[in-house]
Each structure stands twice: as C-alpha cells, then as structure tokens.
$ cat final_33.txt   # compact mmCIF, C-alpha atoms and all ligand atoms
# COMPACT_ATOMS: atom_id res chain seq x y z
CA MET N 1 138.83 80.65 198.30
CA ARG N 2 140.94 81.65 195.34
CA ILE N 3 143.96 79.38 195.25
CA ILE N 4 146.90 78.80 192.95
CA LEU N 5 148.76 75.46 192.90
CA LEU N 6 152.34 76.17 191.89
CA GLY N 7 155.08 73.63 191.29
CA PRO N 8 157.16 71.84 188.68
CA PRO N 9 155.65 69.32 186.26
CA GLY N 10 154.97 66.14 188.24
CA ALA N 11 154.88 67.80 191.67
CA GLY N 12 151.35 66.51 192.26
CA LYS N 13 149.31 69.61 191.42
CA GLY N 14 146.70 67.64 189.50
CA THR N 15 146.53 64.89 192.13
CA GLN N 16 146.13 67.32 195.03
CA GLY N 17 143.88 69.56 192.95
CA GLU N 18 141.42 66.71 192.33
CA ARG N 19 141.07 66.19 196.10
CA LEU N 20 141.07 69.86 197.08
CA VAL N 21 138.24 70.86 194.75
CA LYS N 22 136.11 68.07 196.22
CA LYS N 23 136.82 69.10 199.80
CA TYR N 24 136.29 72.82 199.25
CA ASN N 25 133.77 72.55 196.42
CA LEU N 26 135.66 74.71 193.95
CA PRO N 27 135.95 74.64 190.17
CA HIS N 28 139.27 73.07 189.11
CA ILE N 29 140.86 75.22 186.42
CA SER N 30 143.79 73.41 184.81
CA THR N 31 145.16 75.14 181.72
CA GLY N 32 146.81 71.86 180.66
CA ASP N 33 143.40 70.12 180.80
CA ILE N 34 141.79 72.99 178.84
CA PHE N 35 144.41 72.64 176.10
CA ARG N 36 144.16 68.83 175.99
CA ALA N 37 140.37 69.10 175.65
CA ALA N 38 140.80 71.61 172.80
CA ILE N 39 143.24 69.26 171.05
CA LYS N 40 140.76 66.39 171.37
CA GLU N 41 138.00 68.55 169.88
CA GLY N 42 140.32 69.68 167.07
CA THR N 43 139.69 73.40 167.61
CA GLU N 44 142.01 76.13 166.35
CA LEU N 45 143.18 76.78 169.91
CA GLY N 46 143.98 73.09 170.28
CA MET N 47 145.99 73.00 167.08
CA LYS N 48 148.02 76.04 168.11
CA ALA N 49 148.63 74.75 171.65
CA LYS N 50 149.66 71.27 170.48
CA GLU N 51 152.65 72.64 168.57
CA TYR N 52 154.16 73.88 171.82
CA MET N 53 152.98 71.14 174.17
CA ASP N 54 154.45 68.33 172.07
CA LYS N 55 157.86 70.02 172.28
CA GLY N 56 157.60 70.58 176.03
CA GLU N 57 157.46 74.33 175.59
CA LEU N 58 154.99 76.79 177.05
CA VAL N 59 152.00 77.95 175.03
CA PRO N 60 152.45 81.72 174.39
CA ASP N 61 151.21 83.98 177.18
CA GLU N 62 148.70 85.92 175.07
CA LEU N 63 146.90 82.67 174.20
CA VAL N 64 146.80 81.40 177.79
CA VAL N 65 145.86 84.66 179.51
CA GLY N 66 142.77 85.27 177.37
CA ILE N 67 141.43 81.80 178.07
CA VAL N 68 141.91 82.03 181.82
CA LYS N 69 140.38 85.50 182.06
CA GLU N 70 137.31 84.25 180.21
CA ARG N 71 137.08 81.19 182.44
CA LEU N 72 137.28 83.31 185.63
CA MET N 73 134.31 85.39 184.46
CA GLN N 74 132.04 82.32 184.42
CA PRO N 75 129.39 82.27 187.16
CA ASP N 76 130.80 79.15 188.86
CA CYS N 77 134.00 81.09 189.70
CA GLN N 78 132.20 83.78 191.68
CA ASP N 79 132.81 82.11 195.03
CA GLY N 80 136.33 80.93 194.29
CA TYR N 81 138.38 78.49 192.27
CA LEU N 82 141.57 76.48 192.18
CA LEU N 83 144.08 77.36 189.47
CA ASP N 84 146.34 74.43 188.53
CA GLY N 85 149.22 75.08 186.14
CA PHE N 86 148.49 78.79 185.76
CA PRO N 87 150.25 81.21 186.03
CA ARG N 88 153.49 79.74 184.65
CA THR N 89 155.35 82.94 183.77
CA VAL N 90 155.74 86.32 185.47
CA THR N 91 153.83 87.88 182.55
CA GLN N 92 150.90 85.56 183.24
CA ALA N 93 151.05 86.34 186.98
CA GLU N 94 150.95 90.07 186.29
CA ALA N 95 148.02 89.69 183.90
CA LEU N 96 146.17 87.66 186.54
CA SER N 97 146.91 90.22 189.21
CA ALA N 98 145.54 93.02 187.00
CA ALA N 99 142.39 91.03 186.19
CA LEU N 100 141.75 90.19 189.86
CA GLY N 101 142.37 93.81 190.82
CA GLU N 102 139.65 94.88 188.39
CA LEU N 103 137.25 92.30 189.79
CA ASN N 104 138.26 93.24 193.34
CA THR N 105 138.84 89.58 194.19
CA PRO N 106 142.29 89.07 195.74
CA LEU N 107 144.00 85.68 195.86
CA THR N 108 143.69 83.67 199.08
CA GLY N 109 147.08 82.04 198.68
CA VAL N 110 149.59 80.26 196.49
CA VAL N 111 150.51 76.71 197.48
CA ASN N 112 153.98 75.83 196.22
CA VAL N 113 154.46 72.06 195.97
CA ASP N 114 158.17 71.37 196.32
CA VAL N 115 159.72 68.15 194.91
CA ASN N 116 163.30 67.43 193.77
CA GLN N 117 164.18 66.89 190.11
CA ASP N 118 165.06 63.16 190.22
CA GLU N 119 161.75 62.28 191.81
CA LEU N 120 159.93 64.36 189.17
CA LEU N 121 161.40 62.35 186.31
CA ASP N 122 160.17 59.08 187.88
CA ARG N 123 156.76 60.52 188.57
CA LEU N 124 156.19 61.90 185.08
CA THR N 125 157.43 58.92 183.09
CA GLY N 126 155.21 56.60 185.20
CA ARG N 127 152.12 58.82 185.07
CA ARG N 128 148.91 57.42 183.58
CA VAL N 129 145.72 59.41 182.99
CA CYS N 130 142.11 58.27 182.51
CA LYS N 131 140.79 58.94 179.00
CA SER N 132 137.25 59.43 180.29
CA CYS N 133 137.46 61.35 183.58
CA GLY N 134 141.03 62.68 183.63
CA SER N 135 141.98 61.07 186.97
CA THR N 136 145.71 60.65 187.44
CA TYR N 137 147.54 57.45 188.44
CA HIS N 138 151.12 56.24 188.65
CA VAL N 139 152.32 52.77 187.68
CA LYS N 140 154.25 52.43 190.97
CA PHE N 141 153.28 55.21 193.37
CA ASN N 142 149.51 55.33 192.81
CA ALA N 143 148.53 52.30 190.75
CA SER N 144 144.96 51.61 189.66
CA LYS N 145 143.45 48.40 191.08
CA VAL N 146 143.19 46.84 187.63
CA ARG N 147 146.05 47.56 185.23
CA ASN N 148 145.21 50.40 182.79
CA VAL N 149 141.63 50.73 184.07
CA CYS N 150 140.39 53.78 186.03
CA ASP N 151 139.21 52.95 189.59
CA LYS N 152 136.67 55.76 189.51
CA CYS N 153 134.93 55.31 186.15
CA GLY N 154 136.27 52.16 184.46
CA GLY N 155 137.83 54.28 181.68
CA GLU N 156 141.04 53.34 179.89
CA LEU N 157 144.33 54.78 181.16
CA TYR N 158 146.85 56.27 178.75
CA GLN N 159 150.29 57.88 178.83
CA ARG N 160 150.49 61.54 177.82
CA VAL N 161 152.57 62.14 174.67
CA ASP N 162 154.63 64.73 176.56
CA ASP N 163 155.50 62.31 179.41
CA THR N 164 158.48 60.75 177.59
CA VAL N 165 161.98 61.14 179.08
CA GLU N 166 163.17 63.65 176.47
CA THR N 167 160.13 65.92 176.63
CA VAL N 168 160.03 65.71 180.42
CA LYS N 169 163.64 66.95 180.61
CA GLN N 170 162.72 69.88 178.38
CA ARG N 171 159.65 70.70 180.52
CA LEU N 172 161.73 70.67 183.70
CA GLU N 173 164.20 73.08 182.11
CA VAL N 174 161.35 75.35 180.99
CA TYR N 175 160.02 75.24 184.55
CA ARG N 176 163.34 76.33 186.02
CA ASN N 177 163.75 79.20 183.56
CA GLN N 178 160.23 80.52 183.27
CA THR N 179 158.08 79.35 186.18
CA GLU N 180 160.39 79.08 189.19
CA PRO N 181 160.73 82.91 189.41
CA LEU N 182 157.08 82.92 190.50
CA ILE N 183 158.14 81.53 193.88
CA ALA N 184 159.94 84.79 194.71
CA TYR N 185 157.19 86.81 193.02
CA TYR N 186 154.48 85.45 195.33
CA GLU N 187 156.75 85.34 198.36
CA ASN N 188 157.25 89.09 197.98
CA LYS N 189 153.50 89.53 197.97
CA GLY N 190 153.19 87.50 201.19
CA LEU N 191 151.00 84.91 199.46
CA LEU N 192 153.32 81.90 199.27
CA PHE N 193 152.98 78.68 201.30
CA THR N 194 155.42 75.89 200.54
CA VAL N 195 154.65 72.23 201.24
CA ASP N 196 156.95 69.21 201.01
CA GLY N 197 155.55 67.46 197.95
CA SER N 198 157.90 64.48 198.24
CA LYS N 199 155.81 62.94 201.03
CA ASP N 200 153.05 60.52 200.14
CA ILE N 201 149.82 61.78 198.61
CA ASP N 202 147.77 61.70 201.86
CA GLU N 203 150.50 63.46 203.85
CA VAL N 204 150.77 66.26 201.28
CA PHE N 205 147.00 66.66 201.26
CA LYS N 206 147.00 67.02 205.06
CA GLU N 207 149.68 69.69 204.89
CA VAL N 208 147.84 71.66 202.19
CA THR N 209 144.45 71.50 203.88
CA ALA N 210 145.95 72.59 207.22
CA ILE N 211 147.24 75.72 205.48
CA LEU N 212 144.00 76.43 203.64
CA ASP N 213 141.76 75.75 206.65
CA ALA N 214 143.72 78.37 208.57
CA LYS N 215 143.06 80.91 205.79
CA LYS N 216 139.30 80.37 205.47
P1 LIG N 301 152.28 69.42 184.06
O1 LIG N 301 151.87 68.05 184.43
O2 LIG N 301 153.62 69.52 183.42
O3 LIG N 301 152.14 70.40 185.15
P2 LIG N 301 150.11 70.55 182.43
O4 LIG N 301 149.07 69.58 182.10
O5 LIG N 301 149.85 71.59 183.44
O6 LIG N 301 151.44 69.73 182.77
O7 LIG N 301 150.61 71.29 181.09
C1 LIG N 301 150.95 70.58 179.92
C2 LIG N 301 151.46 71.55 178.86
O8 LIG N 301 150.44 72.50 178.54
C3 LIG N 301 152.67 72.38 179.28
O9 LIG N 301 153.89 71.71 179.06
C4 LIG N 301 152.51 73.61 178.36
O10 LIG N 301 152.93 73.31 177.04
C5 LIG N 301 150.99 73.78 178.31
N1 LIG N 301 150.51 74.70 179.38
C6 LIG N 301 149.70 74.40 180.43
N2 LIG N 301 149.48 75.47 181.20
C7 LIG N 301 150.19 76.49 180.64
C8 LIG N 301 150.39 77.85 180.98
N3 LIG N 301 149.82 78.41 182.06
N4 LIG N 301 151.19 78.59 180.16
C9 LIG N 301 151.77 78.07 179.06
N5 LIG N 301 151.63 76.80 178.70
C10 LIG N 301 150.84 76.00 179.47
P1 LIG N 302 151.33 67.67 188.15
O1 LIG N 302 149.88 67.97 187.92
O2 LIG N 302 151.96 68.60 189.14
O3 LIG N 302 152.12 67.56 186.88
P2 LIG N 302 150.39 65.00 188.92
O4 LIG N 302 149.39 65.24 190.00
O5 LIG N 302 149.89 64.62 187.58
O6 LIG N 302 151.42 66.24 188.83
O7 LIG N 302 151.41 63.86 189.47
C1 LIG N 302 152.46 63.38 188.65
C2 LIG N 302 152.61 61.86 188.86
O8 LIG N 302 153.09 61.59 190.18
C3 LIG N 302 151.29 61.09 188.73
O9 LIG N 302 151.57 59.85 188.15
C4 LIG N 302 150.82 60.93 190.19
O10 LIG N 302 150.06 59.74 190.38
C5 LIG N 302 152.15 60.84 190.95
N1 LIG N 302 152.10 61.49 192.28
C6 LIG N 302 151.41 62.60 192.65
N2 LIG N 302 151.65 62.91 193.95
C7 LIG N 302 152.52 61.97 194.40
C8 LIG N 302 153.15 61.74 195.69
N3 LIG N 302 152.94 62.56 196.72
N4 LIG N 302 153.99 60.68 195.78
C9 LIG N 302 154.21 59.86 194.72
N5 LIG N 302 153.64 60.02 193.50
C10 LIG N 302 152.81 61.06 193.34
ZN ZN N 303 138.23 57.66 184.99
$ encode --input "final_33.txt" --output "structure tokens"
Amino acid sequence: MRIILLGPPGAGKGTQGERLVKKYNLPHISTGDIFRAAIKEGTELGMKAKEYMDKGELVPDELVVGIVKERLMQPDCQDGYLLDGFPRTVTQAEALSAALGELNTPLTGVVNVDVNQDELLDRLTGRRVCKSCGSTYHVKFNASKVRNVCDKCGGELYQRVDDTVETVKQRLEVYRNQTEPLIAYYENKGLLFTVDGSKDIDEVFKEVTAILDAKK
C-alpha cells in the first residue's frame, strides 16, 4: 500500500500514522520528523529547514521534494509506505506524481483527516512528544500515564517549539493557503477518502482501517 495522510496541523496524522504503520507493516515517512532529526544532528539541511519551521512556514519545495524522492528509492519502500505531512503543496504533489509515474507505482489512496480549526488549536498547544521515540501525546486528550514520561519507552516528553499559539495560527493559515488545495487535487484523481478526525483516536483509526482494508 502506498498511502498519503493529508490534513491540517494537529489533525492526528502522526497519531494515526504510528498505528497504521504497525498494522500494515509500512515505513512511516514524515517529512516533519526528517527535518527535526536533521536539526538535532545539526546538518546543513537541518539548519536551512529550521529557519522556516520556527516561523511556521513551509520549507521550500525543492528542498523537500529531493529528500522524499531519495527516501522512496530506499529498499524498504519497495512494497509500500505511508507518507505523513507530504505533499503539502500542489508543486510537491505534482513532483510526487511524476516520480511515481516513472517508478510505475501508483498511489493506493489519500486519507484526508478532517478537523475544525478551534479543535486544532487546542490539540497543537497541548501536544507533547517523546524525545527518544517520537511518540505523540496530549496533556488532556491522550495523556501519558506518568506526567512528562513516555508510556512506551520511558523517555522525556517535550513541547515542540512551533506548537505555541502564535506559530500554530501561522501554520493553520499556511495550511489553508497552500495545502488545502490538495483536497480538490486528489479528489479529481479519484484518490481521496475523507474521515471525521474530530472523533476519538480509536474511532478515527477504525474509520481509516475500514477504508484501507477495502483497498488492499
Ligand atoms: P504538523 O504537526 O503541523 O503536521 P509536521 O511535523 O508535519 O507538523 O511539520 C512541521 C514543519 O516542518 C512544518 O510547519 C513545515 O515547516 C515543515 N514541513 C514538514 N513537511 C513539509 C513539507 N512537505 N513541505 C514543506 N515543509 C514541511
Ligand atoms: P498531526 O501529525 O496531524 O499534526 P498529531 O497526531 O501530532 O497531529 O496530533 C496532534 C495532537 O492532538 C497530539 O497532541 C495528539 O495526541 C492529539 N490527538 C490526535 N488525535 C486526536 C483525536 N482523535 N482526539 C483528540 N486528540 C487527538
Ligand atoms: Zn518514547
């Protein structure tokens, strides 16, 4: 299966992605995670990406597209993958489509996780992430058993620097202007499946897996 998770920041792409890749045994390709890892390592890519991420803006297409294309050529992607947070612009979607055309590996489907704006603000400002394994929590909606400690690995939880109210508002605006057009783009290609992402985490997972199981 070759799947894209589409949706605004905070929709639950990472949360659902974590579970989906386990169930279907797919590599989880999150461009946000790739950039955060590069920042941690202090690479040139990381330094460039950080400039944009800290402001809540998108990293330029030419930087993102090259990285994803390279990642998709890795042997573990031969039997499928889950893309989380890519594509985020029509330019990125077109570059992906061209690359997949060359490889003769069409997309299975695009799952659009739909959540309203007010809920997104609450979700993002309460998000906590594990420093060690990257698992995602929420202070109210998906709290860890022990405060600030990861249930899965015991790692320390932290708040992303771009999850402050001001930066979140900017990211939501960027989503509306640059990413939302992808809904129509994939609908026109007959690839779009929309789920109600405002339900609880287990309910959303059920909805997504019902769609994907029917496509297998
Ligand atoms: P979110 O939780 O908002 O979906 P991500 O972890 O996917 O956040 O992305 C964090 C930041 O990384 C984005 O605000 C953007 O600056 C950058 N980024 C991630 N993916 C892309 C992409 N496909 N194109 C451009 N920028 C990206
Ligand atoms: P994205 O990757 O789309 O930015 P995340 O998966 O990181 O979103 O989720 C954003 C925040 O919302 C996290 O704190 C997560 O625990 C929480 N969350 C995810 N799905 C739900 C849900 N269905 N209901 C309530 N909170 C959720
Ligand atoms: Zn952890």
$ closest_residue --input "final_33.txt" --among "N:Leu83, N:Val129, N:Met1, N:Leu72" --to "N:Gly17" --atoms "only C-alpha atoms"
N:Leu83
$ atom_distance --input "final_33.txt" --atom1 "atom C8 of ligand LIG 301 (chain N)" --atom2 "atom CA of N:Ala184"
18.1 Å
$ closest_residue --input "final_33.txt" --among "N:Gln159, N:Ser135, N:Gln78, N:Thr91" --to "N:Arg2" --atoms "all atoms listed in the file"
N:Gln78
$ residues_around --input "final_33.txt" --residues "stretch 99-102 of chain N" --least-positions-apart "4" --cutoff "12 Å" --atoms "all atoms listed in the file" --output "PyMOL selection string"
chain N and resi 2+65-66+68-73+77-78+80+92-95+106-108
$ closest_atom_pairs --input "final_33.txt" --of "chain N" --to "ligand ZN 303 (chain N)" --cutoff "9 Å" --atoms "only C-alpha atoms and all ligand atoms" --output "CSV"
residue,atom,partner,partner_atom,distance
N:Val129,CA,N:ZN303,ZN,7.9
N:Cys130,CA,N:ZN303,ZN,4.6
N:Lys131,CA,N:ZN303,ZN,6.6
N:Ser132,CA,N:ZN303,ZN,5.1
N:Cys133,CA,N:ZN303,ZN,4.0
N:Gly134,CA,N:ZN303,ZN,5.9
N:Ser135,CA,N:ZN303,ZN,5.4
N:Thr136,CA,N:ZN303,ZN,8.4
N:Val149,CA,N:ZN303,ZN,7.8
N:Cys150,CA,N:ZN303,ZN,4.6
N:Asp151,CA,N:ZN303,ZN,6.7
N:Lys152,CA,N:ZN303,ZN,5.1
N:Cys153,CA,N:ZN303,ZN,4.2
N:Gly154,CA,N:ZN303,ZN,5.9
N:Gly155,CA,N:ZN303,ZN,4.7
N:Glu156,CA,N:ZN303,ZN,7.3
N:Leu157,CA,N:ZN303,ZN,7.8
$ atom_distance --input "final_33.txt" --atom1 "atom O7 of ligand LIG 302 (chain N)" --atom2 "atom CA of N:Val139"
11.3 Å
$ residues_near_ligand --input "final_33.txt" --ligand "ligand LIG 302 (chain N)" --cutoff "6 Å" --atoms "all atoms listed in the file" --output "list in words"
Pro9, Gly10, Ala11, Gly12, Lys13, Gly14, Thr15, Arg123, Leu124, Gly126, Arg127, Arg128, Thr136, Tyr137, His138, Phe141, Asn142, Gly197, Ser198, Lys199, Asp200 and Ile201 of chain N
$ residues_near_ligand --input "final_33.txt" --ligand "ligand LIG 301 (chain N)" --cutoff "9 Å" --atoms "all atoms listed in the file" --output "ChimeraX atom specification"
/N:6-14,30-36,49-61,63-65,68,84-89,92,124,162-163,167-168,171-172,174-175
$ atom_distance --input "final_33.txt" --atom1 "atom CA of N:Asn188" --atom2 "atom CA of N:Lys216"
21.3 Å
$ closest_residue --input "final_33.txt" --among "N:Leu212, N:Ile67, N:Val111, N:Ile4" --to "N:Thr194" --atoms "only C-alpha atoms"
N:Val111
$ closest_residue --input "final_33.txt" --among "N:Glu207, N:Glu180, N:Glu18, N:Asp79" --to "N:Phe193" --atoms "all atoms listed in the file"
N:Glu207
$ closest_residue --input "final_33.txt" --among "N:Leu182, N:Leu96, N:Val113, N:Ile3" --to "N:Pro27" --atoms "only C-alpha atoms"
N:Ile3
$ closest_residue --input "final_33.txt" --among "N:Thr179, N:Asn25, N:Asn112, N:Asn148" --to "N:Asp196" --atoms "only C-alpha atoms"
N:Asn112
